[in-house]
file query.cif (mmCIF, C-alpha atoms)
data_model
#
loop_
_atom_site.label_atom_id
_atom_site.label_comp_id
_atom_site.auth_asym_id
_atom_site.auth_seq_id
_atom_site.Cartn_x
_atom_site.Cartn_y
_atom_site.Cartn_z
CA MET A 6 -24.62 35.29 -36.28
CA LYS A 7 -24.00 36.38 -32.70
CA LYS A 8 -25.09 33.00 -31.33
CA PHE A 9 -22.76 31.30 -33.82
CA GLU A 10 -19.83 33.44 -32.65
CA LEU A 11 -20.54 32.64 -29.00
CA SER A 12 -20.81 28.94 -29.80
CA LEU A 13 -17.50 29.09 -31.72
CA ALA A 14 -15.80 30.73 -28.71
CA THR A 15 -17.08 27.99 -26.43
CA VAL A 16 -15.89 25.25 -28.82
CA TYR A 17 -12.44 26.89 -29.05
CA LEU A 18 -12.06 27.08 -25.27
CA VAL A 19 -12.97 23.40 -24.90
CA ALA A 20 -10.58 22.41 -27.71
CA TYR A 21 -7.76 24.54 -26.26
CA THR A 22 -8.22 22.99 -22.83
CA PHE A 23 -7.88 19.54 -24.41
CA PHE A 24 -4.75 20.74 -26.27
CA LEU A 25 -3.17 21.87 -22.97
CA LEU A 26 -3.73 18.43 -21.47
CA VAL A 27 -2.11 16.75 -24.49
CA ALA A 28 0.80 19.26 -24.46
CA SER A 29 1.40 18.55 -20.76
CA GLU A 30 1.82 14.85 -21.48
CA LEU A 31 3.98 15.56 -24.57
CA MET A 32 6.45 17.63 -22.53
CA VAL A 33 6.96 14.67 -20.20
CA TRP A 34 7.84 12.57 -23.27
CA ILE A 35 9.94 15.29 -25.02
CA GLU A 36 11.97 16.45 -21.97
CA PRO A 37 11.72 13.83 -19.24
CA ALA A 38 14.64 15.36 -17.33
CA ASN A 39 12.85 18.70 -16.83
CA TYR A 40 9.23 17.46 -16.68
CA ARG A 41 9.15 14.43 -14.42
CA ASN A 42 5.39 13.79 -14.50
CA PHE A 43 2.10 14.97 -15.99
CA PHE A 44 1.54 17.52 -13.19
CA ASP A 45 4.89 19.22 -13.96
CA GLY A 46 3.85 19.46 -17.61
CA LEU A 47 0.38 20.77 -16.72
CA TRP A 48 1.82 23.40 -14.36
CA TRP A 49 4.18 24.65 -17.06
CA ALA A 50 1.43 24.61 -19.73
CA ILE A 51 -0.98 26.70 -17.60
CA VAL A 52 1.71 29.22 -16.59
CA THR A 53 2.74 29.55 -20.24
CA ALA A 54 -0.84 29.76 -21.60
CA THR A 55 -1.73 32.59 -19.22
CA THR A 56 1.56 34.41 -20.08
CA VAL A 57 2.47 34.53 -16.38
CA GLY A 58 5.89 32.97 -17.07
CA TYR A 59 7.36 32.17 -13.67
CA GLY A 60 10.48 30.75 -15.32
CA ASP A 61 10.82 27.88 -12.86
CA MET A 62 10.37 25.40 -15.71
CA VAL A 63 11.41 26.15 -19.29
CA PRO A 64 11.80 23.96 -22.40
CA HIS A 65 15.35 23.35 -23.69
CA THR A 66 14.71 21.39 -26.86
CA GLU A 67 13.50 22.77 -30.19
CA ALA A 68 10.39 20.62 -30.03
CA GLY A 69 9.62 21.89 -26.53
CA LYS A 70 10.11 25.52 -27.57
CA PHE A 71 7.89 25.03 -30.62
CA LEU A 72 5.18 23.56 -28.40
CA ALA A 73 5.55 26.56 -26.03
CA VAL A 74 5.01 28.97 -28.96
CA LEU A 75 1.77 27.16 -29.88
CA ILE A 76 0.59 27.30 -26.26
CA ILE A 77 1.36 31.05 -25.99
CA ILE A 78 -0.43 31.96 -29.25
CA GLY A 79 -3.37 29.75 -28.41
CA GLY A 80 -3.48 31.15 -24.88
CA VAL A 81 -3.75 34.75 -26.06
CA ILE A 82 -6.68 33.76 -28.29
CA ALA A 83 -8.28 31.72 -25.46
CA VAL A 84 -8.13 34.65 -23.01
CA ALA A 85 -9.72 36.93 -25.61
CA ALA A 86 -12.44 34.37 -26.36
CA PHE A 87 -13.17 33.83 -22.66
CA THR A 88 -13.36 37.58 -22.02
CA ALA A 89 -15.71 38.11 -24.97
CA LEU A 90 -17.93 35.21 -23.86
CA MET A 91 -18.28 36.45 -20.27
CA THR A 92 -18.74 40.08 -21.31
CA SER A 93 -21.50 39.24 -23.78
CA ARG A 94 -23.38 37.26 -21.15
CA LEU A 95 -23.07 40.02 -18.55
CA VAL A 96 -24.18 42.66 -21.06
CA ALA A 97 -27.11 40.48 -22.16
CA ARG A 98 -28.25 39.97 -18.58
CA THR A 99 -27.90 43.68 -17.80
CA PHE A 100 -29.81 44.58 -20.95
CA PHE A 101 -32.48 42.02 -20.07
CA SER A 102 -32.98 43.55 -16.59
CA ARG A 103 -32.91 47.12 -17.94
CA LYS A 104 -35.36 46.19 -20.68
CA ARG A 105 -37.76 44.69 -18.13
CA TYR A 106 -37.60 47.85 -16.00
CA GLU A 107 -38.07 50.17 -18.97
CA MET A 108 -41.15 48.23 -20.10
CA LEU A 109 -42.86 49.02 -16.79
CA ASP A 110 -42.97 52.78 -17.36
CA THR A 111 -46.30 52.90 -19.20
CA LEU A 112 -48.12 50.00 -17.53
CA GLU A 113 -51.71 50.48 -16.35
CA ASN A 114 -54.47 48.11 -15.18
CA HIS A 115 -51.96 45.29 -14.91
CA LEU A 116 -51.45 42.24 -12.69
CA VAL A 117 -48.60 42.24 -10.18
CA ILE A 118 -47.43 38.87 -8.80
CA CYS A 119 -45.36 39.31 -5.63
CA GLY A 120 -43.16 36.25 -5.24
CA PHE A 121 -42.44 33.44 -7.66
CA LYS A 122 -43.43 29.78 -7.58
CA SER A 123 -42.99 27.79 -10.77
CA PRO A 124 -46.57 28.13 -12.01
CA ARG A 125 -48.33 25.61 -14.21
CA LYS A 126 -48.36 26.66 -17.86
CA GLU A 127 -52.16 26.70 -18.00
CA VAL A 128 -52.29 29.03 -14.96
CA LEU A 129 -50.05 31.58 -16.68
CA GLU A 130 -52.01 31.20 -19.89
CA SER A 131 -55.25 32.00 -18.02
CA PHE A 132 -53.59 35.12 -16.56
CA LYS A 133 -52.43 36.14 -20.03
CA ARG A 134 -55.94 35.77 -21.45
CA HIS A 135 -57.06 38.49 -19.02
CA TYR A 136 -53.96 40.71 -18.96
CA GLY A 137 -51.96 39.92 -22.12
CA ASP A 138 -48.40 41.15 -21.58
CA ARG A 139 -49.46 43.36 -18.65
CA ILE A 140 -48.10 41.01 -15.96
CA VAL A 141 -45.25 41.94 -13.61
CA ILE A 142 -43.41 39.53 -11.30
CA VAL A 143 -41.69 41.00 -8.24
CA TYR A 144 -38.87 38.84 -6.87
CA PRO A 145 -35.51 39.38 -5.08
CA GLU A 146 -33.33 37.70 -7.74
CA LEU A 147 -33.42 36.89 -11.42
CA SER A 148 -32.78 33.14 -11.31
CA PRO A 149 -32.32 31.13 -14.55
CA GLU A 150 -35.70 29.46 -13.95
CA LEU A 151 -37.45 32.80 -13.52
CA GLU A 152 -35.65 34.32 -16.51
CA LYS A 153 -36.82 31.39 -18.66
CA THR A 154 -40.42 31.89 -17.49
CA LEU A 155 -40.26 35.64 -18.20
CA GLU A 156 -38.95 35.05 -21.72
CA GLU A 157 -41.35 32.20 -22.58
CA HIS A 158 -44.46 34.08 -21.47
CA ASN A 159 -43.34 37.66 -22.20
CA LEU A 160 -43.73 38.75 -18.58
CA LYS A 161 -42.19 41.82 -16.98
CA PHE A 162 -39.93 41.91 -13.94
CA ALA A 163 -39.17 44.18 -10.98
CA GLN A 164 -36.29 43.03 -8.81
CA GLY A 165 -36.34 43.32 -5.02
CA GLU A 166 -38.27 42.37 -1.88
CA TYR A 167 -41.99 42.75 -2.43
CA ASN A 168 -42.57 44.53 0.89
CA ASP A 169 -40.20 47.31 -0.24
CA GLU A 170 -42.16 50.41 -1.21
CA ALA A 171 -39.56 51.48 -3.80
CA VAL A 172 -39.74 48.09 -5.55
CA LEU A 173 -43.54 48.16 -5.57
CA LYS A 174 -43.40 51.59 -7.15
CA GLU A 175 -41.07 50.16 -9.83
CA ALA A 176 -43.85 47.66 -10.55
CA ARG A 177 -46.23 50.65 -10.87
CA ILE A 178 -48.44 49.37 -8.08
CA GLU A 179 -50.32 52.69 -8.09
CA LYS A 180 -51.71 51.83 -11.54
CA ALA A 181 -52.23 48.08 -10.99
CA ASP A 182 -55.59 46.35 -11.33
CA LYS A 183 -54.86 43.29 -9.17
CA VAL A 184 -52.04 42.10 -6.93
CA MET A 185 -51.29 38.52 -5.92
CA ILE A 186 -48.97 38.09 -2.92
CA LEU A 187 -47.50 34.59 -2.69
CA ASN A 188 -46.27 33.30 0.66
CA MET A 189 -42.56 32.50 0.46
CA HIS A 190 -42.79 30.04 3.38
CA ASP A 191 -39.73 31.40 5.15
CA GLN A 192 -39.37 32.88 8.64
CA PHE A 193 -41.93 35.63 9.31
CA ALA A 194 -43.46 34.98 5.86
CA ASP A 195 -47.03 35.78 6.97
CA ALA A 196 -45.91 38.98 8.67
CA LYS A 197 -44.14 39.97 5.45
CA VAL A 198 -47.36 39.35 3.49
CA LEU A 199 -49.32 41.53 5.93
CA GLU A 200 -46.72 44.30 5.72
CA THR A 201 -46.90 44.14 1.91
CA VAL A 202 -50.70 44.46 1.95
CA ILE A 203 -50.46 47.55 4.18
CA VAL A 204 -47.83 49.16 1.92
CA ILE A 205 -49.80 48.37 -1.25
CA ARG A 206 -53.05 49.69 0.21
CA SER A 207 -51.31 52.97 1.14
CA LEU A 208 -50.07 53.32 -2.45
CA ASN A 209 -53.26 52.19 -4.19
CA PRO A 210 -56.53 52.32 -2.19
CA THR A 211 -58.59 50.62 -4.93
CA VAL A 212 -56.37 47.78 -6.21
CA TYR A 213 -57.74 44.25 -5.70
CA ILE A 214 -55.39 42.31 -3.38
CA ILE A 215 -55.15 38.52 -3.06
CA ALA A 216 -52.82 37.25 -0.32
CA GLU A 217 -51.60 33.78 0.61
CA ILE A 218 -50.85 32.98 4.27
CA ASN A 219 -50.15 29.91 6.40
CA ASP A 220 -51.31 30.99 9.87
CA ALA A 221 -55.03 31.73 10.30
CA LYS A 222 -54.30 34.27 13.06
CA TYR A 223 -53.20 36.74 10.37
CA GLU A 224 -56.55 36.57 8.60
CA ASN A 225 -58.22 39.18 10.83
CA TYR A 226 -55.27 41.58 10.40
CA LEU A 227 -55.45 41.19 6.63
CA VAL A 228 -59.20 41.85 6.62
CA LYS A 229 -58.64 45.05 8.64
CA SER A 230 -55.94 46.03 6.15
CA LYS A 231 -58.56 45.75 3.37
CA CYS A 232 -57.14 42.64 1.70
CA ASN A 233 -59.84 41.48 -0.72
CA GLU A 234 -59.11 37.75 -0.79
CA ILE A 235 -57.16 35.56 1.63
CA ILE A 236 -55.90 32.12 0.63
CA MET A 237 -54.79 29.81 3.45
CA SER A 238 -52.89 27.05 1.67
CA GLU A 239 -52.16 25.04 4.82
CA GLU A 240 -55.85 25.03 5.72
CA TYR A 241 -56.73 23.55 2.32
CA ASN A 242 -54.04 20.90 2.68
CA ARG A 243 -55.29 19.86 6.12
CA PHE A 244 -58.87 19.74 4.82
CA LEU A 245 -57.91 17.44 1.94
CA LEU A 246 -55.87 15.18 4.20
CA SER A 247 -58.65 14.77 6.74
CA LYS A 248 -61.33 14.27 4.08
CA SER A 249 -59.20 11.64 2.36
CA ILE A 250 -59.42 9.57 5.56
CA THR A 251 -63.08 10.11 6.42
CA GLU A 252 -64.36 10.25 2.84
CA PRO A 253 -61.94 8.42 0.51
CA GLY A 254 -61.76 9.94 -2.96
CA MET A 255 -62.61 13.48 -1.81
CA SER A 256 -59.15 14.77 -2.73
CA LYS A 257 -59.68 13.59 -6.32
CA VAL A 258 -63.10 15.25 -6.42
CA VAL A 259 -61.70 18.59 -5.21
CA ARG A 260 -58.73 18.32 -7.56
CA ASN A 261 -60.96 17.72 -10.58
CA LEU A 262 -63.27 20.55 -9.56
CA LEU A 263 -60.31 22.92 -9.34
CA ARG A 264 -58.97 21.83 -12.72
CA THR A 265 -62.24 22.02 -14.62
CA GLN A 266 -62.84 25.06 -16.81
CA ASN A 267 -66.62 24.79 -16.42
CA PHE A 268 -66.91 27.07 -13.38
CA GLN A 269 -67.91 30.66 -13.96
CA ILE A 270 -68.69 33.64 -11.77
CA VAL A 271 -71.37 35.60 -13.63
CA THR A 272 -71.78 39.25 -12.69
CA ARG A 273 -74.43 40.23 -15.23
CA HIS A 274 -77.54 38.12 -14.78
CA PRO A 275 -81.35 38.67 -14.65
CA PHE A 276 -81.87 37.27 -11.13
CA VAL A 277 -81.45 40.33 -8.88
CA GLY A 278 -84.36 40.39 -6.41
CA LYS A 279 -85.51 36.90 -7.44
CA ALA A 280 -85.64 33.75 -5.29
CA TYR A 281 -82.73 31.33 -5.50
CA LYS A 282 -85.02 28.46 -6.59
CA GLU A 283 -86.26 30.47 -9.56
CA ALA A 284 -82.69 31.26 -10.59
CA PHE A 285 -81.69 27.61 -10.07
CA ASP A 286 -84.52 26.26 -12.23
CA SER A 287 -83.86 28.83 -14.94
CA SER A 288 -80.16 27.92 -15.04
CA LEU A 289 -80.97 24.21 -15.16
CA GLU A 290 -83.11 24.74 -18.25
CA LYS A 291 -80.02 26.14 -20.01
CA GLY A 292 -77.92 23.11 -19.01
CA GLU A 293 -76.19 24.95 -16.15
CA ILE A 294 -76.08 24.23 -12.43
CA LEU A 295 -76.38 27.20 -10.08
CA LEU A 296 -74.06 26.49 -7.14
CA GLY A 297 -74.41 29.64 -5.08
CA VAL A 298 -74.27 33.39 -4.79
CA ILE A 299 -71.48 35.85 -4.01
CA ARG A 300 -72.85 38.83 -2.11
CA ASN A 301 -71.16 42.23 -2.71
CA TYR A 302 -69.16 41.01 -5.72
CA ILE A 303 -67.92 44.50 -6.49
CA THR A 304 -64.92 46.60 -5.50
CA GLU A 305 -65.35 49.32 -2.93
CA ALA A 306 -64.46 52.02 -5.48
CA GLU A 307 -67.03 50.76 -8.01
CA LEU A 308 -69.71 50.42 -5.35
CA LYS A 309 -69.06 53.92 -4.06
CA LYS A 310 -69.33 55.33 -7.58
CA ILE A 311 -72.67 53.58 -8.19
CA VAL A 312 -74.07 54.62 -4.81
CA LEU A 313 -73.15 58.27 -5.37
CA GLN A 314 -74.79 58.18 -8.81
CA LYS A 315 -77.96 56.67 -7.32
CA LEU A 316 -78.06 59.34 -4.62
CA HIS A 317 -77.50 62.04 -7.22
CA PHE A 318 -80.57 60.92 -9.17
CA GLY A 319 -82.60 60.46 -6.00
CA GLY A 320 -83.47 56.75 -6.25
CA GLU A 321 -84.06 54.81 -2.99
CA THR A 322 -82.23 57.47 -1.00
CA GLU A 323 -82.32 55.77 2.42
CA LYS A 324 -81.06 52.46 1.04
CA TYR A 325 -78.08 54.04 -0.68
CA LYS A 326 -77.30 56.35 2.23
CA THR A 327 -77.03 53.25 4.40
CA LEU A 328 -74.73 51.64 1.83
CA LEU A 329 -72.56 54.77 1.66
CA ASN A 330 -72.25 54.76 5.46
CA GLN A 331 -71.22 51.10 5.38
CA ILE A 332 -68.58 51.89 2.78
CA LYS A 333 -67.16 54.68 4.94
CA HIS A 334 -66.90 52.30 7.91
CA ASN A 335 -65.40 49.48 5.81
CA GLU A 336 -68.39 47.23 6.49
CA ILE A 337 -68.90 45.99 2.92
CA GLU A 338 -67.46 42.49 2.62
CA MET A 339 -67.69 39.89 -0.10
CA GLU A 340 -69.62 36.83 1.12
CA VAL A 341 -69.90 33.48 -0.62
CA ILE A 342 -73.18 31.64 -0.02
CA ILE A 343 -73.23 28.07 -1.37
CA ASN A 344 -76.63 26.47 -2.07
CA PRO A 345 -78.81 28.86 -0.01
CA GLU A 346 -82.47 28.27 0.87
CA ASP A 347 -85.00 28.24 -1.98
CA ASP A 348 -86.57 31.52 -0.84
CA PHE A 349 -83.24 33.34 -0.55
CA LEU A 350 -83.50 36.60 -2.52
CA ILE A 351 -80.49 37.35 -4.69
CA PRO A 352 -79.40 40.86 -3.68
CA GLU A 353 -78.14 43.76 -5.77
CA PHE A 354 -74.39 43.69 -6.55
CA ALA A 355 -74.37 39.88 -6.18
CA ALA A 356 -72.76 37.47 -8.66
CA ILE A 357 -73.85 33.90 -9.24
CA ILE A 358 -71.62 30.80 -9.35
CA VAL A 359 -72.46 28.59 -12.31
CA MET A 360 -71.16 25.27 -13.57
CA GLU A 361 -71.68 24.85 -17.28
CA ARG A 362 -72.12 21.51 -18.98
CA LYS A 363 -69.57 21.02 -21.77
CA ASN A 364 -69.56 18.11 -24.17
CA GLY A 365 -66.85 15.53 -23.51
CA GLN A 366 -66.00 16.95 -20.09
CA THR A 367 -66.86 15.80 -16.61
CA ALA A 368 -66.38 17.49 -13.29
#
call {"tool": "encode", "arguments": {"input": "query.cif", "output": "structure tokens"}}
result
Amino acid sequence: MKKFELSLATVYLVAYTFFLLVASELMVWIEPANYRNFFDGLWWAIVTATTVGYGDMVPHTEAGKFLAVLIIIGGVIAVAAFTALMTSRLVARTFFSRKRYEMLDTLENHLVICGFKSPRKEVLESFKRHYGDRIVIVYPELSPELEKTLEEHNLKFAQGEYNDEAVLKEARIEKADKVMILNMHDQFADAKVLETVIVIRSLNPTVYIIAEINDAKYENYLVKSKCNEIIMSEEYNRFLLSKSITEPGMSKVVRNLLRTQNFQIVTRHPFVGKAYKEAFDSSLEKGEILLGVIRNYITEAELKKIVLQKLHFGGETEKYKTLLNQIKHNEIEMEVIINPEDDFLIPEFAAIIVMERKNGQTA
């Protein structure tokens, strides 16, 4: 019913505007001595409709006065309709923003996306499969495009600059599970990303942070700031461009590999302490291809908890004391090893990278 009322108000305003244009031309025909041209008639019609009434031009005939009465009555209704239309939209937008903020109050173990780039639908759907409606976008303004995305995918919103501590707290960064910081590609964008990582890490020492940068010189600073993953978009673009020249078709290969849903990072597997060749052959028998290993595929907080438990029960004391010391000195880093030697032993806390074979799909 509310939408119908708003639509009716819009239709009335359009119809009344058309009526004013017709009335302006009629006054030129009814009283040509007073209204010499269409502009004179339009000026008088607008002044009359808005009840300003300058009095510089007034109708003298009965037909002109009758037309003025219609314009005045219609104008009062038009002003009321316009006011109602604008008020309802402002209230709706305010309610929308307030609703988004209120929904953040109880969030835990959620995903925070700092920055907004029109994401592909399948990307958001993959995020939603992991986090449901526990996704917050942090952005300086609520644009129509962003509002549409929030509504369509039931996402939450915190308004402001993402390097602002107060805004990050609105997004409940202290309780977040993962944070993705998108590079806005403006002046000092990489420095802003670095500053955001530092602020986030001070608020939440254990959250998993993924940051996008353009300049490789910031990579070392981000590593020291305990950023878990660093994506250098410009580096990928340059790689694809150069490979397209030296090895035509490589860009299509990489694009298809990125789009395929066959890749998996498997954390629970039976290959700890076993040679890579043994794990490769075993995977192949199941119709999977083992592509590599990710060493230390575990968060610092989880690793510390496991190490302390191991030390408590007295198993391999020296090994876990060494690990604990490495944790204290921030020396535990995730390392991706693609297609290692056959005799490479898959270490503890390592994940394996597997490509599954699915019917009807090719990589």
call {"tool": "residues_near_point", "arguments": {"input": "query.cif", "point": "(-75.4, 28.9, -18.2)", "cutoff": "6 Å", "atoms": "only C-alpha atoms", "output": "MDAnalysis selection string"}}
result
chainID A and resid 288 291 293 361
call {"tool": "residues_around", "arguments": {"input": "query.cif", "residues": "A:Leu31", "least_positions_apart": "6", "cutoff": "12 Å", "atoms": "only C-alpha atoms", "output": "NGL selection string"}}
result
:A and (24-25 or 37 or 40-47 or 49-50 or 64 or 68-69 or 71-73)
call {"tool": "resolve_selection", "arguments": {"input": "query.cif", "expression": "the PyMOL selection byres ((chain A and resi 167) around 8)", "output": "list in words"}}
result
Cys119, Gly120, Val143, Tyr144, Pro145, Gly165, Glu166, Asn168, Asp169, Glu170, Val172, Leu173 and Thr201 of chain A
call {"tool": "residues_near_point", "arguments": {"input": "query.cif", "point": "(-3.4, 31.5, -22.1)", "cutoff": "12 Å", "atoms": "only C-alpha atoms", "output": "number ranges by chain"}}
result
A: 18, 21-22, 24-25, 49-58, 73-88
call {"tool": "resolve_selection", "arguments": {"input": "query.cif", "expression": "the PyMOL selection byres ((chain A and resi 179-190) around 9)", "output": "ChimeraX atom specification"}}
result
/A:112-122,167,173-174,176-178,191-195,197-198,201-202,205,208-219
